[in-house]
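A quick write-up on the structure given underneath.
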Number of protein chains: 2
Amino acid sequence: MTPDLKLNLRLHFAQGLTFGRGKADLLEAIDRTGSISGAGREMKMSYRRAWNLVEEMNTAFAPPLIDASRGGSGGGGAALTDRGREVLAHYRALERLVVQTGAVHIGGISGGLVSVMHDEK
Amino acid sequence: MTPDLKLNLRLHFAQGLTFGRGKADLLEAIDRTGSISGAGREMKMSYRRAWNLVEEMNTAFAPPLIDASRGGSGGGGAALTDRGREVLAHYRALERLVVQTGAVHIGGISGGLVSVMHDEK
DNA sequence: GGACGTTGTATCTGTCTGTGCATAACCGCC
DNA sequence: GGCGGTTATGCACAGACAGATACAACGTCC
């Protein structure tokens, strides 16, 4: 009976980087579409923003998480590095872990939520 | 060797409420100071914002989490309800749980972070 | 009754973030 | 060589968000 929720597990590292659901989703979208711009379109975010996030990640992590190249067949593209895939997997695992082992607490918080009728925004 | 990090575990409930570290800290500050304005001062946030968050929580939860009253000794004040204390406790427990049981994954993510020298911004 | 410190509420303003647009560089393919 | 789609980068604009400010209402204490 845990209500459907989305959790945003954002990690603020001392080095300045913050990594949360947004960047994780972006990594996934890049992996799926094979390009930064494609990922941006899919996530309905501007290419500018998508690229900024990529750049932020790549400068924070060594080795980088995304390998991008321009020109060539299809104009270029981007792909996750092994390290990128690794970070993404860890984040998703952490998410699952929270939902599973934290179900009691999540339920304890959401227990008294006022149920609203599906209001179309 | 887990690098010191702050995590912001934000829960987005289907009902529209989002509950994260900010609201949790605010609850704690209200409990400590005995007033919304006191909590705002302590957290260096405007009373406006603090009150908005309180109102958001109180309309989302039934029974409410904060009991505020105006006038009277000291001008008024606010205190956590039993439910408020309960929600706060659950959130803190969830936080601890993530750090403890998720240490492997957190380490897996932060492993390759570029260490920066303490740059004063 | 007046002072005090708080809750509750409205309005204005500045700032910060993301979007939109424009442009250059790149390179395989036709 | 031109086309196409992408990376990479700059800059102006709009909208959202938070801060600042102002003020009424409230109730206890003096």
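Residue numbers start at 1 in each chain; chains themselves are named A, B, ... in the order of the structure tokens; ligands are numbered from 1 in the order shown.
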Which residues are near range 10-21 of chain D? Cut-off 9 Å, only C-alpha atoms (C1' of nucleotides), ignore same chain within fewer than 2 positions. Put them as a PDB file with N, CA, C and O atoms (P, O5', C5', C4', C3', O3' and C1' of nucleotides), in the first residue's frame.
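The result, stored in selection-v4.pdb:
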```
ATOM      1  N   MET B  45      16.340  31.773   6.589  1.00  0.00           N
ATOM      2  CA  MET B  45      15.386  31.877   5.490  1.00  0.00           C
ATOM      3  C   MET B  45      14.303  32.861   5.922  1.00  0.00           C
ATOM      4  O   MET B  45      14.062  33.074   7.107  1.00  0.00           O
ATOM      5  N   SER B  46      13.688  33.475   4.941  1.00  0.00           N
ATOM      6  CA  SER B  46      12.670  34.480   5.251  1.00  0.00           C
ATOM      7  C   SER B  46      11.486  33.822   5.945  1.00  0.00           C
ATOM      8  O   SER B  46      11.168  32.658   5.699  1.00  0.00           O
ATOM      9  N   ARG B  48       8.547  34.423   5.403  1.00  0.00           N
ATOM     10  CA  ARG B  48       7.624  34.117   4.311  1.00  0.00           C
ATOM     11  C   ARG B  48       7.797  32.699   3.818  1.00  0.00           C
ATOM     12  O   ARG B  48       6.836  31.938   3.685  1.00  0.00           O
ATOM     13  N   ARG B  49       9.026  32.377   3.563  1.00  0.00           N
ATOM     14  CA  ARG B  49       9.301  31.050   3.013  1.00  0.00           C
ATOM     15  C   ARG B  49       9.016  29.969   4.045  1.00  0.00           C
ATOM     16  O   ARG B  49       8.409  28.944   3.739  1.00  0.00           O
TER      17      ARG B  49
ATOM     18  P    DT C  11      -2.343  41.989  -3.280  1.00  0.00           P
ATOM     19  O5'  DT C  11      -0.942  42.726  -3.410  1.00  0.00           O
ATOM     20  C5'  DT C  11      -0.659  43.847  -2.571  1.00  0.00           C
ATOM     21  C4'  DT C  11       0.777  44.305  -2.775  1.00  0.00           C
ATOM     22  C3'  DT C  11       1.273  44.191  -4.230  1.00  0.00           C
ATOM     23  O3'  DT C  11       1.913  45.402  -4.594  1.00  0.00           O
ATOM     24  C1'  DT C  11       2.798  43.179  -2.766  1.00  0.00           C
ATOM     25  P    DC C  12       2.231  45.668  -6.155  1.00  0.00           P
ATOM     26  O5'  DC C  12       3.814  45.884  -6.064  1.00  0.00           O
ATOM     27  C5'  DC C  12       4.356  46.707  -5.028  1.00  0.00           C
ATOM     28  C4'  DC C  12       5.849  46.456  -4.898  1.00  0.00           C
ATOM     29  C3'  DC C  12       6.581  46.381  -6.242  1.00  0.00           C
ATOM     30  O3'  DC C  12       7.668  47.302  -6.236  1.00  0.00           O
ATOM     31  C1'  DC C  12       7.116  44.514  -4.893  1.00  0.00           C
ATOM     32  P    DT C  13       8.521  47.494  -7.578  1.00  0.00           P
ATOM     33  O5'  DT C  13       9.932  46.870  -7.175  1.00  0.00           O
ATOM     34  C5'  DT C  13      10.209  46.579  -5.799  1.00  0.00           C
ATOM     35  C4'  DT C  13      11.487  45.765  -5.703  1.00  0.00           C
ATOM     36  C3'  DT C  13      12.295  45.690  -6.994  1.00  0.00           C
ATOM     37  O3'  DT C  13      13.673  45.774  -6.688  1.00  0.00           O
ATOM     38  C1'  DT C  13      11.729  43.517  -6.316  1.00  0.00           C
ATOM     39  P    DG C  14      14.732  46.021  -7.875  1.00  0.00           P
ATOM     40  O5'  DG C  14      15.782  44.853  -7.617  1.00  0.00           O
ATOM     41  C5'  DG C  14      16.207  44.561  -6.281  1.00  0.00           C
ATOM     42  C4'  DG C  14      16.743  43.143  -6.212  1.00  0.00           C
ATOM     43  C3'  DG C  14      17.737  42.790  -7.317  1.00  0.00           C
ATOM     44  O3'  DG C  14      18.791  42.028  -6.735  1.00  0.00           O
ATOM     45  C1'  DG C  14      15.927  41.273  -7.361  1.00  0.00           C
ATOM     46  P    DT C  15      20.122  41.796  -7.582  1.00  0.00           P
ATOM     47  O5'  DT C  15      20.234  40.202  -7.492  1.00  0.00           O
ATOM     48  C5'  DT C  15      19.618  39.523  -6.411  1.00  0.00           C
ATOM     49  C4'  DT C  15      19.352  38.070  -6.785  1.00  0.00           C
ATOM     50  C3'  DT C  15      20.335  37.508  -7.815  1.00  0.00           C
ATOM     51  O3'  DT C  15      20.657  36.189  -7.431  1.00  0.00           O
ATOM     52  C1'  DT C  15      18.151  37.143  -8.553  1.00  0.00           C
ATOM     53  P    DC C  16      22.005  35.527  -7.963  1.00  0.00           P
ATOM     54  O5'  DC C  16      21.756  33.974  -7.689  1.00  0.00           O
ATOM     55  C5'  DC C  16      20.495  33.539  -7.196  1.00  0.00           C
ATOM     56  C4'  DC C  16      19.777  32.677  -8.217  1.00  0.00           C
ATOM     57  C3'  DC C  16      20.701  31.906  -9.186  1.00  0.00           C
ATOM     58  O3'  DC C  16      20.478  30.527  -8.986  1.00  0.00           O
ATOM     59  C1'  DC C  16      18.865  32.880 -10.334  1.00  0.00           C
ATOM     60  P    DT C  17      21.402  29.453  -9.755  1.00  0.00           P
ATOM     61  O5'  DT C  17      20.359  28.770 -10.756  1.00  0.00           O
ATOM     62  C5'  DT C  17      18.990  28.603 -10.349  1.00  0.00           C
ATOM     63  C4'  DT C  17      18.138  28.222 -11.549  1.00  0.00           C
ATOM     64  C3'  DT C  17      18.886  27.363 -12.569  1.00  0.00           C
ATOM     65  O3'  DT C  17      18.147  26.189 -12.810  1.00  0.00           O
ATOM     66  C1'  DT C  17      17.846  29.232 -13.642  1.00  0.00           C
ATOM     67  P    DT C  19      15.376  23.998 -19.775  1.00  0.00           P
ATOM     68  O5'  DT C  19      14.821  25.069 -20.819  1.00  0.00           O
ATOM     69  C5'  DT C  19      13.795  25.974 -20.403  1.00  0.00           C
ATOM     70  C4'  DT C  19      13.549  27.009 -21.497  1.00  0.00           C
ATOM     71  C3'  DT C  19      13.704  26.469 -22.915  1.00  0.00           C
ATOM     72  O3'  DT C  19      12.624  26.918 -23.713  1.00  0.00           O
ATOM     73  C1'  DT C  19      15.105  28.353 -22.597  1.00  0.00           C
ATOM     74  P    DG C  20      12.452  26.381 -25.252  1.00  0.00           P
ATOM     75  O5'  DG C  20      12.745  27.667 -26.160  1.00  0.00           O
ATOM     76  C5'  DG C  20      12.915  28.942 -25.551  1.00  0.00           C
ATOM     77  C4'  DG C  20      13.340  29.952 -26.609  1.00  0.00           C
ATOM     78  C3'  DG C  20      13.489  29.383 -28.011  1.00  0.00           C
ATOM     79  O3'  DG C  20      13.117  30.382 -28.943  1.00  0.00           O
ATOM     80  C1'  DG C  20      15.611  30.082 -27.219  1.00  0.00           C
ATOM     81  P    DC C  21      13.125  30.043 -30.522  1.00  0.00           P
ATOM     82  O5'  DC C  21      14.496  30.705 -30.972  1.00  0.00           O
ATOM     83  C5'  DC C  21      14.772  32.064 -30.611  1.00  0.00           C
ATOM     84  C4'  DC C  21      16.193  32.439 -30.981  1.00  0.00           C
ATOM     85  C3'  DC C  21      16.640  31.952 -32.366  1.00  0.00           C
ATOM     86  O3'  DC C  21      17.127  33.055 -33.100  1.00  0.00           O
ATOM     87  C1'  DC C  21      18.260  31.452 -30.733  1.00  0.00           C
ATOM     88  P    DA C  22      17.452  32.924 -34.671  1.00  0.00           P
ATOM     89  O5'  DA C  22      19.009  33.220 -34.712  1.00  0.00           O
ATOM     90  C5'  DA C  22      19.614  34.097 -33.753  1.00  0.00           C
ATOM     91  C4'  DA C  22      21.123  33.888 -33.761  1.00  0.00           C
ATOM     92  C3'  DA C  22      21.652  33.329 -35.083  1.00  0.00           C
ATOM     93  O3'  DA C  22      22.729  34.128 -35.559  1.00  0.00           O
ATOM     94  C1'  DA C  22      22.426  32.028 -33.270  1.00  0.00           C
ATOM     95  P    DT C  23      23.334  33.890 -37.032  1.00  0.00           P
ATOM     96  O5'  DT C  23      24.758  33.264 -36.713  1.00  0.00           O
ATOM     97  C5'  DT C  23      25.430  33.617 -35.508  1.00  0.00           C
ATOM     98  C4'  DT C  23      26.572  32.654 -35.252  1.00  0.00           C
ATOM     99  C3'  DT C  23      27.118  31.983 -36.508  1.00  0.00           C
ATOM    100  O3'  DT C  23      28.510  32.162 -36.594  1.00  0.00           O
ATOM    101  C1'  DT C  23      26.723  30.377 -34.829  1.00  0.00           C
TER     102       DT C  23
END
```
Taking a cut-off of 7 Å and counting only C-alpha atoms, can you build a table that, for each residue of chain B near chain A, reports the nearest atom pair and how far apart they are in Å (one decimal), sorted by chain then residue number, as a tab-separated table?
```
residue	atom	partner	partner_atom	distance
B:Asp4	CA	A:Ala14	CA	6.0
B:Leu5	CA	A:Phe13	CA	4.5
B:Lys6	CA	A:His12	CA	5.0
B:Leu7	CA	A:Leu11	CA	4.6
B:Asn8	CA	A:Arg10	CA	5.1
B:Leu9	CA	A:Leu9	CA	4.7
B:Arg10	CA	A:Asn8	CA	5.0
B:Leu11	CA	A:Leu7	CA	4.6
B:His12	CA	A:Lys6	CA	5.0
B:Phe13	CA	A:Leu5	CA	4.6
B:Ala14	CA	A:Leu5	CA	5.6
B:Gln15	CA	A:Val116	CA	6.3
B:Ala60	CA	A:Val114	CA	5.5
B:Phe61	CA	A:Leu113	CA	4.6
B:Ala62	CA	A:Gly112	CA	5.4
B:Pro63	CA	A:Gly112	CA	6.8
B:Val87	CA	A:Ile109	CA	5.0
B:His90	CA	A:His105	CA	5.0
B:Tyr91	CA	A:His105	CA	6.8
B:Leu94	CA	A:Gly102	CA	6.0
B:Val98	CA	A:Val98	CA	6.3
B:Gly102	CA	A:Leu94	CA	6.0
B:His105	CA	A:His90	CA	5.0
B:Gly108	CA	A:His90	CA	6.3
B:Ile109	CA	A:Val87	CA	5.0
B:Gly112	CA	A:Ala62	CA	5.4
B:Leu113	CA	A:Phe61	CA	4.6
B:Val114	CA	A:Phe61	CA	5.4
B:Ser115	CA	A:Gln15	CA	6.5
B:Val116	CA	A:Gln15	CA	6.3
```
Quick one: contact table of chain A to chain C, 12 Å max, nearest atom pair and distance in Å to one decimal per residue, counting only C-alpha atoms (C1' of nucleotides), chain and number order, as a tab-separated table?
```
residue	atom	partner	partner_atom	distance
A:Lys44	CA	C:DT19	C1'	11.0
A:Met45	CA	C:DT19	C1'	8.5
A:Ser46	CA	C:DT19	C1'	6.5
A:Tyr47	CA	C:DT19	C1'	9.5
A:Arg48	CA	C:DT19	C1'	8.4
A:Arg49	CA	C:DG18	C1'	7.1
A:Ala50	CA	C:DG18	C1'	10.6
A:Asn52	CA	C:DG18	C1'	10.9
A:Ser69	CA	C:DC26	C1'	8.8
A:Arg70	CA	C:DC26	C1'	5.5
A:Gly71	CA	C:DC27	C1'	3.9
A:Gly72	CA	C:DC27	C1'	4.1
A:Ser73	CA	C:DG28	C1'	4.6
A:Gly74	CA	C:DG28	C1'	7.6
A:Gly75	CA	C:DC27	C1'	7.2
A:Gly76	CA	C:DC27	C1'	8.1
A:Gly77	CA	C:DC26	C1'	11.6
```
Once you have the residues from the selection above, write them out as a PDB file, in the first residue's frame, restricted to C-alpha atoms.
```pdb
ATOM      1  CA  LYS A  44      12.104  17.820 -23.039  1.00  0.00           C
ATOM      2  CA  MET A  45      15.049  19.842 -21.891  1.00  0.00           C
ATOM      3  CA  SER A  46      17.076  22.263 -23.930  1.00  0.00           C
ATOM      4  CA  TYR A  47      20.259  20.982 -25.498  1.00  0.00           C
ATOM      5  CA  ARG A  48      22.027  23.751 -23.654  1.00  0.00           C
ATOM      6  CA  ARG A  49      20.987  22.378 -20.326  1.00  0.00           C
ATOM      7  CA  ALA A  50      21.695  18.780 -21.241  1.00  0.00           C
ATOM      8  CA  ASN A  52      25.783  21.712 -19.219  1.00  0.00           C
ATOM      9  CA  SER A  69      32.294  13.111 -30.530  1.00  0.00           C
ATOM     10  CA  ARG A  70      31.215  15.384 -33.331  1.00  0.00           C
ATOM     11  CA  GLY A  71      31.085  14.904 -37.037  1.00  0.00           C
ATOM     12  CA  GLY A  72      30.913  11.590 -38.751  1.00  0.00           C
ATOM     13  CA  SER A  73      28.048   9.289 -39.494  1.00  0.00           C
ATOM     14  CA  GLY A  74      24.889  10.784 -38.081  1.00  0.00           C
ATOM     15  CA  GLY A  75      26.658  13.980 -37.241  1.00  0.00           C
ATOM     16  CA  GLY A  76      28.293  12.654 -34.172  1.00  0.00           C
ATOM     17  CA  GLY A  77      27.018  11.324 -30.925  1.00  0.00           C
TER      18      GLY A  77
END
```
Could the residues of chain D that have an atom at most 7 Å from chain B be listed as CSV, each with its closest atom pair and the distance in Å to one decimal, counting only C-alpha atoms (C1' of nucleotides) and ordered by chain and ascending residue number?
```
residue,atom,partner,partner_atom,distance
D:DG19,C1',B:Ser46,CA,6.4
D:DC26,C1',B:Gly71,CA,4.5
D:DG27,C1',B:Gly71,CA,3.9
D:DT28,C1',B:Gly72,CA,4.0
```
Report task. Among the residues of range 23-72 of chain A, find those DSSP assigns to alpha helix (DSSP H) from the backbone and print them as a PyMOL selection string. Result -> chain A and resi 23-33+36-42+47-60
Output N, CA and C atoms for every residue in the selection just made, as an mmCIF file, in the first residue's frame.
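Saved as out_16.cif:
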```
data_model
loop_
_atom_site.group_PDB
_atom_site.id
_atom_site.type_symbol
_atom_site.label_atom_id
_atom_site.label_comp_id
_atom_site.auth_asym_id
_atom_site.auth_seq_id
_atom_site.Cartn_x
_atom_site.Cartn_y
_atom_site.Cartn_z
ATOM 1 N N LYS A 23 20.454 13.850 -13.328
ATOM 2 C CA LYS A 23 21.644 13.429 -14.069
ATOM 3 C C LYS A 23 21.575 11.943 -14.390
ATOM 4 N N ALA A 24 21.031 11.168 -13.460
ATOM 5 C CA ALA A 24 20.909 9.730 -13.725
ATOM 6 C C ALA A 24 20.004 9.485 -14.925
ATOM 7 N N ASP A 25 18.866 10.159 -14.958
ATOM 8 C CA ASP A 25 17.955 10.010 -16.089
ATOM 9 C C ASP A 25 18.621 10.441 -17.382
ATOM 10 N N LEU A 26 19.414 11.501 -17.283
ATOM 11 C CA LEU A 26 20.096 11.990 -18.482
ATOM 12 C C LEU A 26 21.089 10.950 -18.998
ATOM 13 N N LEU A 27 21.844 10.384 -18.096
ATOM 14 C CA LEU A 27 22.774 9.336 -18.501
ATOM 15 C C LEU A 27 22.025 8.221 -19.228
ATOM 16 N N GLU A 28 20.913 7.833 -18.656
ATOM 17 C CA GLU A 28 20.125 6.759 -19.249
ATOM 18 C C GLU A 28 19.645 7.140 -20.643
ATOM 19 N N ALA A 29 19.191 8.377 -20.756
ATOM 20 C CA ALA A 29 18.663 8.836 -22.044
ATOM 21 C C ALA A 29 19.768 8.913 -23.085
ATOM 22 N N ILE A 30 20.956 9.325 -22.672
ATOM 23 C CA ILE A 30 22.083 9.364 -23.602
ATOM 24 C C ILE A 30 22.409 7.954 -24.063
ATOM 25 N N ASP A 31 22.395 7.032 -23.128
ATOM 26 C CA ASP A 31 22.679 5.645 -23.463
ATOM 27 C C ASP A 31 21.659 5.125 -24.468
ATOM 28 N N ARG A 32 20.422 5.536 -24.297
ATOM 29 C CA ARG A 32 19.349 5.022 -25.135
ATOM 30 C C ARG A 32 19.365 5.664 -26.514
ATOM 31 N N THR A 33 19.568 6.983 -26.555
ATOM 32 C CA THR A 33 19.460 7.701 -27.823
ATOM 33 C C THR A 33 20.788 7.812 -28.553
ATOM 34 N N ILE A 36 23.615 13.515 -27.039
ATOM 35 C CA ILE A 36 23.187 14.462 -26.025
ATOM 36 C C ILE A 36 21.916 15.170 -26.464
ATOM 37 N N SER A 37 21.911 15.582 -27.722
ATOM 38 C CA SER A 37 20.736 16.309 -28.210
ATOM 39 C C SER A 37 19.507 15.408 -28.210
ATOM 40 N N GLY A 38 19.709 14.139 -28.586
ATOM 41 C CA GLY A 38 18.582 13.204 -28.563
ATOM 42 C C GLY A 38 18.036 13.039 -27.157
ATOM 43 N N ALA A 39 18.945 12.926 -26.200
ATOM 44 C CA ALA A 39 18.526 12.789 -24.809
ATOM 45 C C ALA A 39 17.754 14.028 -24.367
ATOM 46 N N GLY A 40 18.258 15.191 -24.778
ATOM 47 C CA GLY A 40 17.580 16.431 -24.430
ATOM 48 C C GLY A 40 16.163 16.468 -24.974
ATOM 49 N N ARG A 41 16.037 16.077 -26.228
ATOM 50 C CA ARG A 41 14.698 16.068 -26.821
ATOM 51 C C ARG A 41 13.780 15.126 -26.052
ATOM 52 N N GLU A 42 14.313 13.956 -25.774
ATOM 53 C CA GLU A 42 13.494 12.954 -25.090
ATOM 54 C C GLU A 42 13.054 13.452 -23.723
ATOM 55 N N TYR A 47 18.938 21.566 -25.278
ATOM 56 C CA TYR A 47 20.259 20.982 -25.498
ATOM 57 C C TYR A 47 21.282 21.669 -24.614
ATOM 58 N N ARG A 48 21.108 22.971 -24.485
ATOM 59 C CA ARG A 48 22.027 23.751 -23.654
ATOM 60 C C ARG A 48 22.144 23.159 -22.259
ATOM 61 N N ARG A 49 21.007 22.900 -21.681
ATOM 62 C CA ARG A 49 20.987 22.378 -20.326
ATOM 63 C C ARG A 49 21.588 20.979 -20.269
ATOM 64 N N ALA A 50 21.171 20.138 -21.218
ATOM 65 C CA ALA A 50 21.695 18.780 -21.241
ATOM 66 C C ALA A 50 23.220 18.810 -21.335
ATOM 67 N N TRP A 51 23.713 19.659 -22.193
ATOM 68 C CA TRP A 51 25.157 19.720 -22.376
ATOM 69 C C TRP A 51 25.843 20.225 -21.099
ATOM 70 N N ASN A 52 25.222 21.201 -20.471
ATOM 71 C CA ASN A 52 25.783 21.712 -19.219
ATOM 72 C C ASN A 52 25.918 20.596 -18.179
ATOM 73 N N LEU A 53 24.909 19.795 -18.070
ATOM 74 C CA LEU A 53 24.933 18.703 -17.093
ATOM 75 C C LEU A 53 26.035 17.703 -17.447
ATOM 76 N N VAL A 54 26.128 17.413 -18.726
ATOM 77 C CA VAL A 54 27.176 16.482 -19.172
ATOM 78 C C VAL A 54 28.554 17.038 -18.826
ATOM 79 N N GLU A 55 28.720 18.287 -19.135
ATOM 80 C CA GLU A 55 30.015 18.924 -18.883
ATOM 81 C C GLU A 55 30.336 18.920 -17.386
ATOM 82 N N GLU A 56 29.300 19.181 -16.604
ATOM 83 C CA GLU A 56 29.475 19.191 -15.143
ATOM 84 C C GLU A 56 29.948 17.827 -14.653
ATOM 85 N N MET A 57 29.315 16.799 -15.168
ATOM 86 C CA MET A 57 29.697 15.451 -14.759
ATOM 87 C C MET A 57 31.094 15.100 -15.225
ATOM 88 N N ASN A 58 31.381 15.425 -16.462
ATOM 89 C CA ASN A 58 32.676 15.030 -17.020
ATOM 90 C C ASN A 58 33.855 15.746 -16.373
ATOM 91 N N THR A 59 33.605 16.962 -15.908
ATOM 92 C CA THR A 59 34.715 17.644 -15.246
ATOM 93 C C THR A 59 34.860 17.171 -13.796
ATOM 94 N N ALA A 60 33.762 16.699 -13.217
ATOM 95 C CA ALA A 60 33.828 16.253 -11.826
ATOM 96 C C ALA A 60 34.409 14.860 -11.710
#
```
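In this structure, C1' of DA8 in chain D sits 23.5 Å away from CA of Arg85 in chain A.
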Report task. Select from range 42-119 of chain B everything DSSP, run on the backbone, classes as strand (DSSP E), then give the selection as a list in words. Result ->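 For range 42-119 of chain B, the strand (DSSP E) set is Ile66, Asp67, Ala68, Ser69, Arg70, Gly76, Gly77, Ala78, Ala79 and Leu80 of chain B.
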